[in-house]
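One structure is given below, encoded as structure tokens.
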Amino acid sequence: MKKKYSNPKNDSDEESQTSSKRQARGWWGEGPVFVFLYDKRKKEAITNGEAEEILQFIKESEHTLYESEALRVIRVDNEYSHPVLFVDTGKEPGLDTLDHLRMAGYRLAKWAENNAIKTLMIPPLKDDSEAKRYAILQGLCYASYTFDKYKSKKNKRTDVEYLFADNMEIDGNSLQTLFSGIDLAKDLINEPGNALTPAIMANIAQSIAQKHGLDIKIRKSKELEKDGYNGILTVGRGSKNEPAMVTLCYRPKQKNIYHLAFVGKGITFDTGGICLKPSDKMYEMKSDMSGAAIVLAAIKVIAELKLPIEVDAILCLAENRPGENAMLPGDIFKAKNGKTVMIENTDAEGRLVLIDGIEEATSLGVTHIIDIATLTGAIRRALGTSIGGLFSNSDGLAETLIESGAESGEKWWRMPLDEEYAEGLKDKVADIRNITDDGPGAIVAALFLKEFVKEDLQWAHLDIAGVDFTTKNYKYTEYGATAFGLKTLVETAKKYSMDEIRS
Ligand code: BES
Ligand code: ZN
Ligand code: ZN
């Protein structure tokens with residue numbers, strides 16, 4: 001589906017538009033189908049109108065022609081033979097108002113596409129706001145995503161257009177920019193390992209940098225070795241596909257005192273290495289580069305939005321394989337900051353590549369570092385598949401991230417970073433080892449990273465291992481990459497650029 005959104009094309013008032021269309025066409029016809037949003041559970045009308053009346057109307061209508069239980073969209077005939085849709089915004093429990101609207105926009109678009117309806121007219125909302133309209137349009141944008149490049153037979157797609165039945169200006173550009181980022185991140189995450197190696201990802205980053213005027217530095221094995229980035233190098237050694245670190249810098253003319261770095265885990269495939277993963281579901285590890293895809297998409301969106309703040313994105317790219325030259329359990333390498341690391345488990349590889357990214361960010365003189373990574377199965381067990389794990393050494397940064405997430409429909413839960421658990425990371429031979437004998441896996445992983453963060457830097461670690469990829473319907477994603485975290489990063493950059501942050 002292609003998505004479109006616009007204001008009504010002519011300036012005549014709503015009433016006259018409506019009646020002329022009523023006469024002009026019969027059933028679905030060519031013109032827009034009218035939509036009312038309501039919350040069935042709360043018995044609340046979302047668009048103008050009274051909930052009681054709407055519910056009564058649906059109940060009494062003898063002409064309820066179609067009800068899609070899955071999409072909660074009801075089509076009702078009325079005295080003018082004019083189709084009206086009723087969409088229940090409150091179908092999914094536990095979401096906030098804006099996410100309810102995103103879901104409604106999404107289900108409506110799916111329904112419209114299935115029924116080859118092109119244009120939907122949405123009457124003014126109660127307590128109307130730009131944010132609410134954007135949420136509905138975001139649902140439409142989410143519904144239009146598809147990853148069918150590997151299907152020989154593609155589904156025929158309909159263009160769906162939403163019209164708001166008044167003349168409030170809607171600037172579709174920023175929405176388009178955001179979704180070009182979301183769709184890019186999803187495309188990268190959904191690509192299989194054979195199609196997206198570190199080198200290919202670096203090339204994609206290069207062309208994005210060129211297009212958006214970003215500075216870029218790509219380090220392959222030789223440069224990683226020269227600069228002492230041994231974490232990425234060590235993890236990538238087991239694969240013929242060379243590892244890489246990509247640093248992208250966005251330097252706007254207008255800037256402020258903040259300088260953000262986003263560091264992304266980019267394991268283009270995680271077999272576990274010599275500590276091989278079980279084969280069941282291993283294929284999902286093609287998405288172990290979600291963090292890198294998200295930071296790349298985030299800097300692209302931020303550059304397109306021309307936010308007045310300096311931002312760097314660092315992609316830590318490697319393929320974790322049990323090849324001939326692969327790292328072995330017990331191997332020790334020296335990180336760039338001089339600490340020696342013993343690799344007890346080759347499947348705990350994400351933290352090994354991230355410490356290089358954190359070091360690179362530090363060398364760029366940033367004020368804040370946010371890393372994002374599909375780091376641990378443990379965070380999935382702790383928080384499930386709807387909530388991301390957040391760790392931070394700064395209350396202000398943590399709260400700003402949580403707030404940014406809440407505004408964009410991404411839930412974060414702040415986890416403890418209790419030094420007590422760091423004891424287990426001490427090694428008998430090297431300075432530190434990459435796992436502990438027991439203990440809370442997600443926290444231990446975060447504490448490992450913290451060992452490589454300078455104390456005066458504000459740092460947050462986002463563990464998205466539970467939320468980055470879905471195998472069942474999850475909100476506005478049916479299957480595959482969710483790009484969870486991208487909106488949070490963009491929103492956070494906006495807040496820092498406007499100095500609207502928590503301290
Ligand atoms: N990429 C995985 C984490 C993961 C698990 C992501 C499930 C998405 C879904 C990571 O590299 C890993 O294997 N972590 C190990 C760490 C363990 C060996 C300490 C894990 O979580 O099992
Ligand atoms: Zn792993
Ligand atoms: Zn991994």
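In the structure tokens, the first chain shown is A, the next is B, and so on; residue numbers restart at 1 for each chain, and ligands run from 1 in the order shown.
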
Please run DSSP on the backbone and report, as a PDB file with N, CA, C and O atoms, in the first residue's frame, all residues within range 270-494 of chain A that come out as strand (DSSP E).
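Final file, selection-v4.pdb:
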ATOM      1  N   ASP A 270      24.393 -13.478  14.240  1.00  0.00           N
ATOM      2  CA  ASP A 270      24.980 -13.997  15.478  1.00  0.00           C
ATOM      3  C   ASP A 270      24.723 -15.498  15.592  1.00  0.00           C
ATOM      4  O   ASP A 270      23.644 -15.929  15.985  1.00  0.00           O
ATOM      5  N   GLU A 310      24.622  18.687  17.573  1.00  0.00           N
ATOM      6  CA  GLU A 310      25.609  17.760  16.999  1.00  0.00           C
ATOM      7  C   GLU A 310      25.286  16.334  17.406  1.00  0.00           C
ATOM      8  O   GLU A 310      25.048  16.062  18.586  1.00  0.00           O
ATOM      9  N   VAL A 311      25.299  15.445  16.422  1.00  0.00           N
ATOM     10  CA  VAL A 311      24.999  14.038  16.702  1.00  0.00           C
ATOM     11  C   VAL A 311      25.981  13.156  15.935  1.00  0.00           C
ATOM     12  O   VAL A 311      26.307  13.437  14.777  1.00  0.00           O
ATOM     13  N   ASP A 312      26.451  12.111  16.605  1.00  0.00           N
ATOM     14  CA  ASP A 312      27.265  11.102  15.930  1.00  0.00           C
ATOM     15  C   ASP A 312      26.561   9.763  16.008  1.00  0.00           C
ATOM     16  O   ASP A 312      25.876   9.482  16.989  1.00  0.00           O
ATOM     17  N   ALA A 313      26.725   8.957  14.980  1.00  0.00           N
ATOM     18  CA  ALA A 313      26.204   7.587  15.015  1.00  0.00           C
ATOM     19  C   ALA A 313      27.354   6.637  14.738  1.00  0.00           C
ATOM     20  O   ALA A 313      28.098   6.825  13.773  1.00  0.00           O
ATOM     21  N   ILE A 314      27.507   5.669  15.616  1.00  0.00           N
ATOM     22  CA  ILE A 314      28.622   4.726  15.466  1.00  0.00           C
ATOM     23  C   ILE A 314      28.075   3.313  15.324  1.00  0.00           C
ATOM     24  O   ILE A 314      27.346   2.823  16.197  1.00  0.00           O
ATOM     25  N   LEU A 315      28.389   2.702  14.200  1.00  0.00           N
ATOM     26  CA  LEU A 315      27.884   1.360  13.908  1.00  0.00           C
ATOM     27  C   LEU A 315      29.010   0.352  14.149  1.00  0.00           C
ATOM     28  O   LEU A 315      30.078   0.457  13.529  1.00  0.00           O
ATOM     29  N   CYS A 316      28.766  -0.586  15.056  1.00  0.00           N
ATOM     30  CA  CYS A 316      29.787  -1.588  15.388  1.00  0.00           C
ATOM     31  C   CYS A 316      29.426  -2.879  14.665  1.00  0.00           C
ATOM     32  O   CYS A 316      28.580  -3.642  15.132  1.00  0.00           O
ATOM     33  N   LEU A 317      30.064  -3.101  13.506  1.00  0.00           N
ATOM     34  CA  LEU A 317      29.608  -4.149  12.587  1.00  0.00           C
ATOM     35  C   LEU A 317      30.534  -5.358  12.556  1.00  0.00           C
ATOM     36  O   LEU A 317      31.746  -5.215  12.353  1.00  0.00           O
ATOM     37  N   ALA A 318      29.965  -6.534  12.752  1.00  0.00           N
ATOM     38  CA  ALA A 318      30.736  -7.778  12.646  1.00  0.00           C
ATOM     39  C   ALA A 318      29.768  -8.927  12.479  1.00  0.00           C
ATOM     40  O   ALA A 318      28.578  -8.803  12.779  1.00  0.00           O
ATOM     41  N   GLU A 319      30.304 -10.042  11.964  1.00  0.00           N
ATOM     42  CA  GLU A 319      29.498 -11.250  11.868  1.00  0.00           C
ATOM     43  C   GLU A 319      30.093 -12.232  12.868  1.00  0.00           C
ATOM     44  O   GLU A 319      31.303 -12.464  12.841  1.00  0.00           O
ATOM     45  N   ASN A 320      29.266 -12.791  13.743  1.00  0.00           N
ATOM     46  CA  ASN A 320      29.781 -13.705  14.776  1.00  0.00           C
ATOM     47  C   ASN A 320      29.639 -15.149  14.305  1.00  0.00           C
ATOM     48  O   ASN A 320      28.556 -15.701  14.312  1.00  0.00           O
ATOM     49  N   ILE A 332      41.986 -13.760  25.299  1.00  0.00           N
ATOM     50  CA  ILE A 332      42.055 -12.455  25.958  1.00  0.00           C
ATOM     51  C   ILE A 332      42.481 -11.411  24.926  1.00  0.00           C
ATOM     52  O   ILE A 332      43.380 -11.660  24.122  1.00  0.00           O
ATOM     53  N   PHE A 333      41.799 -10.283  24.930  1.00  0.00           N
ATOM     54  CA  PHE A 333      42.261  -9.185  24.073  1.00  0.00           C
ATOM     55  C   PHE A 333      42.317  -7.902  24.895  1.00  0.00           C
ATOM     56  O   PHE A 333      41.728  -7.814  25.974  1.00  0.00           O
ATOM     57  N   LYS A 334      43.065  -6.941  24.362  1.00  0.00           N
ATOM     58  CA  LYS A 334      43.200  -5.655  25.071  1.00  0.00           C
ATOM     59  C   LYS A 334      42.285  -4.643  24.406  1.00  0.00           C
ATOM     60  O   LYS A 334      42.370  -4.405  23.195  1.00  0.00           O
ATOM     61  N   THR A 340      42.187  -5.421  29.819  1.00  0.00           N
ATOM     62  CA  THR A 340      42.197  -6.723  29.142  1.00  0.00           C
ATOM     63  C   THR A 340      40.894  -7.459  29.424  1.00  0.00           C
ATOM     64  O   THR A 340      40.370  -7.421  30.536  1.00  0.00           O
ATOM     65  N   VAL A 341      40.379  -8.109  28.370  1.00  0.00           N
ATOM     66  CA  VAL A 341      39.070  -8.757  28.459  1.00  0.00           C
ATOM     67  C   VAL A 341      39.210 -10.245  28.139  1.00  0.00           C
ATOM     68  O   VAL A 341      39.746 -10.619  27.098  1.00  0.00           O
ATOM     69  N   MET A 342      38.719 -11.101  29.028  1.00  0.00           N
ATOM     70  CA  MET A 342      38.714 -12.540  28.760  1.00  0.00           C
ATOM     71  C   MET A 342      37.335 -12.927  28.228  1.00  0.00           C
ATOM     72  O   MET A 342      36.310 -12.585  28.813  1.00  0.00           O
ATOM     73  N   HIS A 368      26.936  13.117  25.721  1.00  0.00           N
ATOM     74  CA  HIS A 368      26.032  12.018  26.074  1.00  0.00           C
ATOM     75  C   HIS A 368      26.258  10.832  25.132  1.00  0.00           C
ATOM     76  O   HIS A 368      26.408  11.031  23.924  1.00  0.00           O
ATOM     77  N   ILE A 369      26.239   9.638  25.679  1.00  0.00           N
ATOM     78  CA  ILE A 369      26.324   8.436  24.842  1.00  0.00           C
ATOM     79  C   ILE A 369      25.088   7.582  25.100  1.00  0.00           C
ATOM     80  O   ILE A 369      24.755   7.286  26.251  1.00  0.00           O
ATOM     81  N   ILE A 370      24.405   7.227  24.018  1.00  0.00           N
ATOM     82  CA  ILE A 370      23.283   6.297  24.135  1.00  0.00           C
ATOM     83  C   ILE A 370      23.599   5.106  23.250  1.00  0.00           C
ATOM     84  O   ILE A 370      23.739   5.259  22.028  1.00  0.00           O
ATOM     85  N   ASP A 371      23.766   3.939  23.857  1.00  0.00           N
ATOM     86  CA  ASP A 371      23.964   2.767  23.003  1.00  0.00           C
ATOM     87  C   ASP A 371      22.675   1.979  22.939  1.00  0.00           C
ATOM     88  O   ASP A 371      21.861   2.008  23.858  1.00  0.00           O
ATOM     89  N   ILE A 372      22.474   1.323  21.815  1.00  0.00           N
ATOM     90  CA  ILE A 372      21.246   0.561  21.611  1.00  0.00           C
ATOM     91  C   ILE A 372      21.620  -0.787  20.984  1.00  0.00           C
ATOM     92  O   ILE A 372      22.350  -0.842  20.006  1.00  0.00           O
ATOM     93  N   ALA A 373      21.113  -1.859  21.609  1.00  0.00           N
ATOM     94  CA  ALA A 373      21.624  -3.176  21.249  1.00  0.00           C
ATOM     95  C   ALA A 373      20.650  -4.297  21.575  1.00  0.00           C
ATOM     96  O   ALA A 373      19.977  -4.266  22.607  1.00  0.00           O
ATOM     97  N   ILE A 387       8.286  -4.017  26.063  1.00  0.00           N
ATOM     98  CA  ILE A 387       8.974  -2.977  26.839  1.00  0.00           C
ATOM     99  C   ILE A 387      10.481  -3.162  26.711  1.00  0.00           C
ATOM    100  O   ILE A 387      10.995  -4.268  26.901  1.00  0.00           O
ATOM    101  N   GLY A 388      11.167  -2.075  26.373  1.00  0.00           N
ATOM    102  CA  GLY A 388      12.622  -2.139  26.244  1.00  0.00           C
ATOM    103  C   GLY A 388      13.290  -1.865  27.586  1.00  0.00           C
ATOM    104  O   GLY A 388      12.741  -1.200  28.454  1.00  0.00           O
ATOM    105  N   GLY A 389      14.507  -2.389  27.741  1.00  0.00           N
ATOM    106  CA  GLY A 389      15.259  -2.186  28.988  1.00  0.00           C
ATOM    107  C   GLY A 389      16.166  -0.977  28.878  1.00  0.00           C
ATOM    108  O   GLY A 389      16.842  -0.798  27.865  1.00  0.00           O
ATOM    109  N   LEU A 390      16.148  -0.133  29.901  1.00  0.00           N
ATOM    110  CA  LEU A 390      16.963   1.082  29.889  1.00  0.00           C
ATOM    111  C   LEU A 390      17.865   1.084  31.120  1.00  0.00           C
ATOM    112  O   LEU A 390      17.393   0.843  32.230  1.00  0.00           O
ATOM    113  N   PHE A 391      19.122   1.357  30.908  1.00  0.00           N
ATOM    114  CA  PHE A 391      20.091   1.451  31.994  1.00  0.00           C
ATOM    115  C   PHE A 391      20.791   2.794  31.836  1.00  0.00           C
ATOM    116  O   PHE A 391      21.107   3.179  30.713  1.00  0.00           O
ATOM    117  N   SER A 392      21.041   3.485  32.926  1.00  0.00           N
ATOM    118  CA  SER A 392      21.739   4.757  32.763  1.00  0.00           C
ATOM    119  C   SER A 392      22.445   5.186  34.038  1.00  0.00           C
ATOM    120  O   SER A 392      22.017   4.855  35.144  1.00  0.00           O
ATOM    121  N   LYS A 411       7.753   1.961  24.967  1.00  0.00           N
ATOM    122  CA  LYS A 411       7.842   1.901  26.433  1.00  0.00           C
ATOM    123  C   LYS A 411       9.212   1.413  26.878  1.00  0.00           C
ATOM    124  O   LYS A 411       9.732   0.434  26.362  1.00  0.00           O
ATOM    125  N   TRP A 412       9.760   2.130  27.843  1.00  0.00           N
ATOM    126  CA  TRP A 412      11.044   1.733  28.438  1.00  0.00           C
ATOM    127  C   TRP A 412      10.870   1.541  29.931  1.00  0.00           C
ATOM    128  O   TRP A 412      10.096   2.270  30.563  1.00  0.00           O
ATOM    129  N   TRP A 413      11.620   0.609  30.475  1.00  0.00           N
ATOM    130  CA  TRP A 413      11.629   0.419  31.914  1.00  0.00           C
ATOM    131  C   TRP A 413      13.060   0.537  32.390  1.00  0.00           C
ATOM    132  O   TRP A 413      13.943  -0.147  31.874  1.00  0.00           O
ATOM    133  N   ARG A 414      13.269   1.435  33.381  1.00  0.00           N
ATOM    134  CA  ARG A 414      14.635   1.618  33.854  1.00  0.00           C
ATOM    135  C   ARG A 414      15.042   0.484  34.784  1.00  0.00           C
ATOM    136  O   ARG A 414      14.347   0.192  35.757  1.00  0.00           O
ATOM    137  N   ILE A 432      38.935  -8.205  33.225  1.00  0.00           N
ATOM    138  CA  ILE A 432      37.479  -8.375  33.250  1.00  0.00           C
ATOM    139  C   ILE A 432      37.120  -9.541  32.341  1.00  0.00           C
ATOM    140  O   ILE A 432      37.849  -9.855  31.393  1.00  0.00           O
ATOM    141  N   ARG A 433      36.019 -10.216  32.625  1.00  0.00           N
ATOM    142  CA  ARG A 433      35.549 -11.261  31.708  1.00  0.00           C
ATOM    143  C   ARG A 433      34.177 -10.865  31.169  1.00  0.00           C
ATOM    144  O   ARG A 433      33.522  -9.980  31.741  1.00  0.00           O
ATOM    145  N   GLN A 458      27.477  11.339  30.503  1.00  0.00           N
ATOM    146  CA  GLN A 458      26.137  10.788  30.721  1.00  0.00           C
ATOM    147  C   GLN A 458      25.926   9.690  29.696  1.00  0.00           C
ATOM    148  O   GLN A 458      26.128   9.889  28.500  1.00  0.00           O
ATOM    149  N   TRP A 459      25.508   8.553  30.182  1.00  0.00           N
ATOM    150  CA  TRP A 459      25.419   7.370  29.300  1.00  0.00           C
ATOM    151  C   TRP A 459      24.135   6.598  29.574  1.00  0.00           C
ATOM    152  O   TRP A 459      23.681   6.504  30.719  1.00  0.00           O
ATOM    153  N   ALA A 460      23.544   6.091  28.520  1.00  0.00           N
ATOM    154  CA  ALA A 460      22.399   5.188  28.673  1.00  0.00           C
ATOM    155  C   ALA A 460      22.579   4.009  27.734  1.00  0.00           C
ATOM    156  O   ALA A 460      23.141   4.144  26.638  1.00  0.00           O
ATOM    157  N   HIS A 461      22.107   2.876  28.192  1.00  0.00           N
ATOM    158  CA  HIS A 461      22.175   1.656  27.386  1.00  0.00           C
ATOM    159  C   HIS A 461      20.748   1.142  27.207  1.00  0.00           C
ATOM    160  O   HIS A 461      20.023   0.966  28.177  1.00  0.00           O
ATOM    161  N   LEU A 462      20.349   0.956  25.943  1.00  0.00           N
ATOM    162  CA  LEU A 462      19.002   0.466  25.640  1.00  0.00           C
ATOM    163  C   LEU A 462      19.109  -0.975  25.142  1.00  0.00           C
ATOM    164  O   LEU A 462      19.702  -1.229  24.089  1.00  0.00           O
ATOM    165  N   ASP A 463      18.569  -1.898  25.909  1.00  0.00           N
ATOM    166  CA  ASP A 463      18.597  -3.309  25.500  1.00  0.00           C
ATOM    167  C   ASP A 463      17.270  -3.632  24.822  1.00  0.00           C
ATOM    168  O   ASP A 463      16.214  -3.689  25.461  1.00  0.00           O
ATOM    169  N   PHE A 469      12.239  -7.318  17.135  1.00  0.00           N
ATOM    170  CA  PHE A 469      11.807  -8.205  16.039  1.00  0.00           C
ATOM    171  C   PHE A 469      10.619  -9.004  16.549  1.00  0.00           C
ATOM    172  O   PHE A 469      10.668  -9.556  17.643  1.00  0.00           O
ATOM    173  N   THR A 470       9.542  -9.037  15.794  1.00  0.00           N
ATOM    174  CA  THR A 470       8.363  -9.745  16.281  1.00  0.00           C
ATOM    175  C   THR A 470       7.951 -10.858  15.335  1.00  0.00           C
ATOM    176  O   THR A 470       8.035 -10.726  14.121  1.00  0.00           O
ATOM    177  N   GLY A 480       8.374  -9.401  11.823  1.00  0.00           N
ATOM    178  CA  GLY A 480       9.688  -8.875  11.465  1.00  0.00           C
ATOM    179  C   GLY A 480      10.102  -7.672  12.304  1.00  0.00           C
ATOM    180  O   GLY A 480       9.662  -7.502  13.445  1.00  0.00           O
ATOM    181  N   ALA A 481      10.947  -6.837  11.699  1.00  0.00           N
ATOM    182  CA  ALA A 481      11.540  -5.714  12.415  1.00  0.00           C
ATOM    183  C   ALA A 481      10.486  -4.717  12.866  1.00  0.00           C
ATOM    184  O   ALA A 481       9.535  -4.430  12.136  1.00  0.00           O
TER     185      ALA A 481
END

Show me, as CSV, the residues of chain A having an atom within 8 Å of ligand 3, each with the closest atom pair and its distance in Å, using only C-alpha atoms and all ligand atoms.
residue,atom,partner,partner_atom_place_in_ligand_line,distance
A:Ile267,CA,ligand 3,1 (Zn),6.2
A:Phe269,CA,ligand 3,1 (Zn),7.8
A:Asp270,CA,ligand 3,1 (Zn),5.2
A:Gly272,CA,ligand 3,1 (Zn),7.2
A:Met285,CA,ligand 3,1 (Zn),7.2
A:Asp288,CA,ligand 3,1 (Zn),5.5
A:Asn320,CA,ligand 3,1 (Zn),7.9
A:Asp347,CA,ligand 3,1 (Zn),6.5
A:Ala348,CA,ligand 3,1 (Zn),6.5
A:Glu349,CA,ligand 3,1 (Zn),5.9
A:Gly350,CA,ligand 3,1 (Zn),5.1
A:Thr374,CA,ligand 3,1 (Zn),6.3
A:Leu375,CA,ligand 3,1 (Zn),5.8
A:Thr376,CA,ligand 3,1 (Zn),7.4

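Shortest separation to Phe262 in chain A among A:Pro124, A:Gly365, A:Gly172, A:Gly357 occurs at residue A:Gly357, atoms counted being only C-alpha atoms.
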
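Using only C-alpha atoms for every distance, the candidate list A:Asp438, A:Glu491, A:Glu455, A:Asp356 yields A:Asp356 as the residue closest to Leu233 in chain A.
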
List the neighbours of Glu478 in chain A out to 12 Å using only C-alpha atoms; skip same-chain residues closer than 4 positions along the sequence, and give me the result as a list in words. Tyr106, Arg107, Lys110, Tyr142, Ala143, Ser144, Tyr145, Thr146, Phe147, Phe469, Thr470, Thr471, Lys472, Asn473, Tyr474 and Thr482 of chain A

Using N, CA and C atoms, can you write the selected residues to a file as a compact mmCIF listing (two decimals), in the first residue's frame?
# COMPACT_ATOMS: atom_id res chain seq x y z
N TYR A 106 -3.96 2.40 11.83
CA TYR A 106 -3.37 1.21 11.21
C TYR A 106 -4.44 0.21 10.80
N ARG A 107 -5.37 -0.09 11.71
CA ARG A 107 -6.40 -1.08 11.39
C ARG A 107 -7.31 -0.59 10.27
N LYS A 110 -5.54 -0.99 7.00
CA LYS A 110 -5.54 -2.41 6.59
C LYS A 110 -6.90 -2.78 6.02
N TYR A 142 2.47 3.05 9.09
CA TYR A 142 2.87 1.70 9.52
C TYR A 142 2.21 0.64 8.66
N ALA A 143 0.93 0.86 8.34
CA ALA A 143 0.19 -0.15 7.57
C ALA A 143 0.77 -0.30 6.16
N SER A 144 1.43 0.73 5.69
CA SER A 144 1.90 0.69 4.30
C SER A 144 3.24 -0.03 4.17
N TYR A 145 3.87 -0.40 5.30
CA TYR A 145 5.18 -1.06 5.19
C TYR A 145 5.03 -2.52 4.80
N THR A 146 5.85 -2.94 3.88
CA THR A 146 5.87 -4.35 3.55
C THR A 146 7.30 -4.74 3.16
N PHE A 147 7.68 -5.96 3.50
CA PHE A 147 9.01 -6.43 3.09
C PHE A 147 8.78 -7.61 2.17
N PHE A 469 12.24 -7.32 17.13
CA PHE A 469 11.81 -8.20 16.04
C PHE A 469 10.62 -9.00 16.55
N THR A 470 9.54 -9.04 15.79
CA THR A 470 8.36 -9.74 16.28
C THR A 470 7.95 -10.86 15.33
N THR A 471 7.52 -11.98 15.93
CA THR A 471 7.08 -13.09 15.09
C THR A 471 5.56 -13.20 15.11
N LYS A 472 4.93 -12.33 15.89
CA LYS A 472 3.46 -12.30 15.88
C LYS A 472 3.02 -10.84 15.81
N ASN A 473 1.73 -10.61 15.60
CA ASN A 473 1.27 -9.23 15.52
C ASN A 473 1.64 -8.46 16.77
N TYR A 474 2.42 -7.42 16.60
CA TYR A 474 2.75 -6.57 17.73
C TYR A 474 2.42 -5.14 17.32
N THR A 482 10.67 -4.19 14.08
CA THR A 482 9.75 -3.15 14.58
C THR A 482 10.40 -1.76 14.52

Near range 240-243 of chain A, within 12 Å and counting only C-alpha atoms, which residues show up once chain neighbours fewer than 6 positions away are dropped, as a ChimeraX atom specification? /A:193-202,218-225,229-234,266-269,315-326,353

Distance CA of Arg502 in chain A-CA of Asn256 in chain A, one decimal place? 16.2 Å

Please provide as a ChimeraX atom specification all residues within 6 Å of Pro329 in chain A, with the sequence filter that same-chain residues fewer than 2 positions apart are discarded (counting only C-alpha atoms). /A:331,343-345

Could you save the residues just selected, with all heavy atoms, as a short mmCIF file (atom, residue, chain, number, x, y, z; two decimals), in the first residue's frame?
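Heads up, here's the output in out-v5.cif:
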data_model
loop_
_atom_site.label_atom_id
_atom_site.label_comp_id
_atom_site.auth_asym_id
_atom_site.auth_seq_id
_atom_site.Cartn_x
_atom_site.Cartn_y
_atom_site.Cartn_z
N ASP A 331 40.07 -16.79 25.28
CA ASP A 331 40.92 -15.78 24.62
C ASP A 331 40.88 -14.46 25.38
O ASP A 331 39.86 -14.12 26.00
CB ASP A 331 40.43 -15.52 23.18
CG ASP A 331 40.94 -16.56 22.20
OD1 ASP A 331 41.63 -17.49 22.65
OD2 ASP A 331 40.63 -16.44 20.99
N ILE A 343 37.35 -13.62 27.11
CA ILE A 343 36.08 -14.03 26.49
C ILE A 343 35.70 -15.40 27.03
O ILE A 343 36.25 -16.42 26.62
CB ILE A 343 36.23 -14.11 24.95
CG1 ILE A 343 36.65 -12.75 24.40
CG2 ILE A 343 34.92 -14.57 24.31
CD1 ILE A 343 37.40 -12.84 23.11
N GLU A 344 34.78 -15.40 27.96
CA GLU A 344 34.39 -16.70 28.52
C GLU A 344 33.32 -17.34 27.63
O GLU A 344 33.29 -18.54 27.48
CB GLU A 344 33.85 -16.50 29.94
CG GLU A 344 33.62 -17.81 30.63
CD GLU A 344 33.60 -17.69 32.14
OE1 GLU A 344 34.39 -16.88 32.70
OE2 GLU A 344 32.80 -18.38 32.78
N ASN A 345 32.47 -16.50 27.06
CA ASN A 345 31.42 -17.02 26.19
C ASN A 345 31.40 -16.21 24.90
O ASN A 345 31.19 -14.99 24.92
CB ASN A 345 30.07 -16.94 26.92
CG ASN A 345 28.98 -17.68 26.18
OD1 ASN A 345 28.85 -17.56 24.95
ND2 ASN A 345 28.20 -18.45 26.91
#

Please give the complete set of residues from range 56-200 of chain A that DSSP, run on the backbone, assigns to alpha helix (DSSP H), formatted as a PyMOL selection string. chain A and resi 56-60+97-114+130-143+172-190+198-200
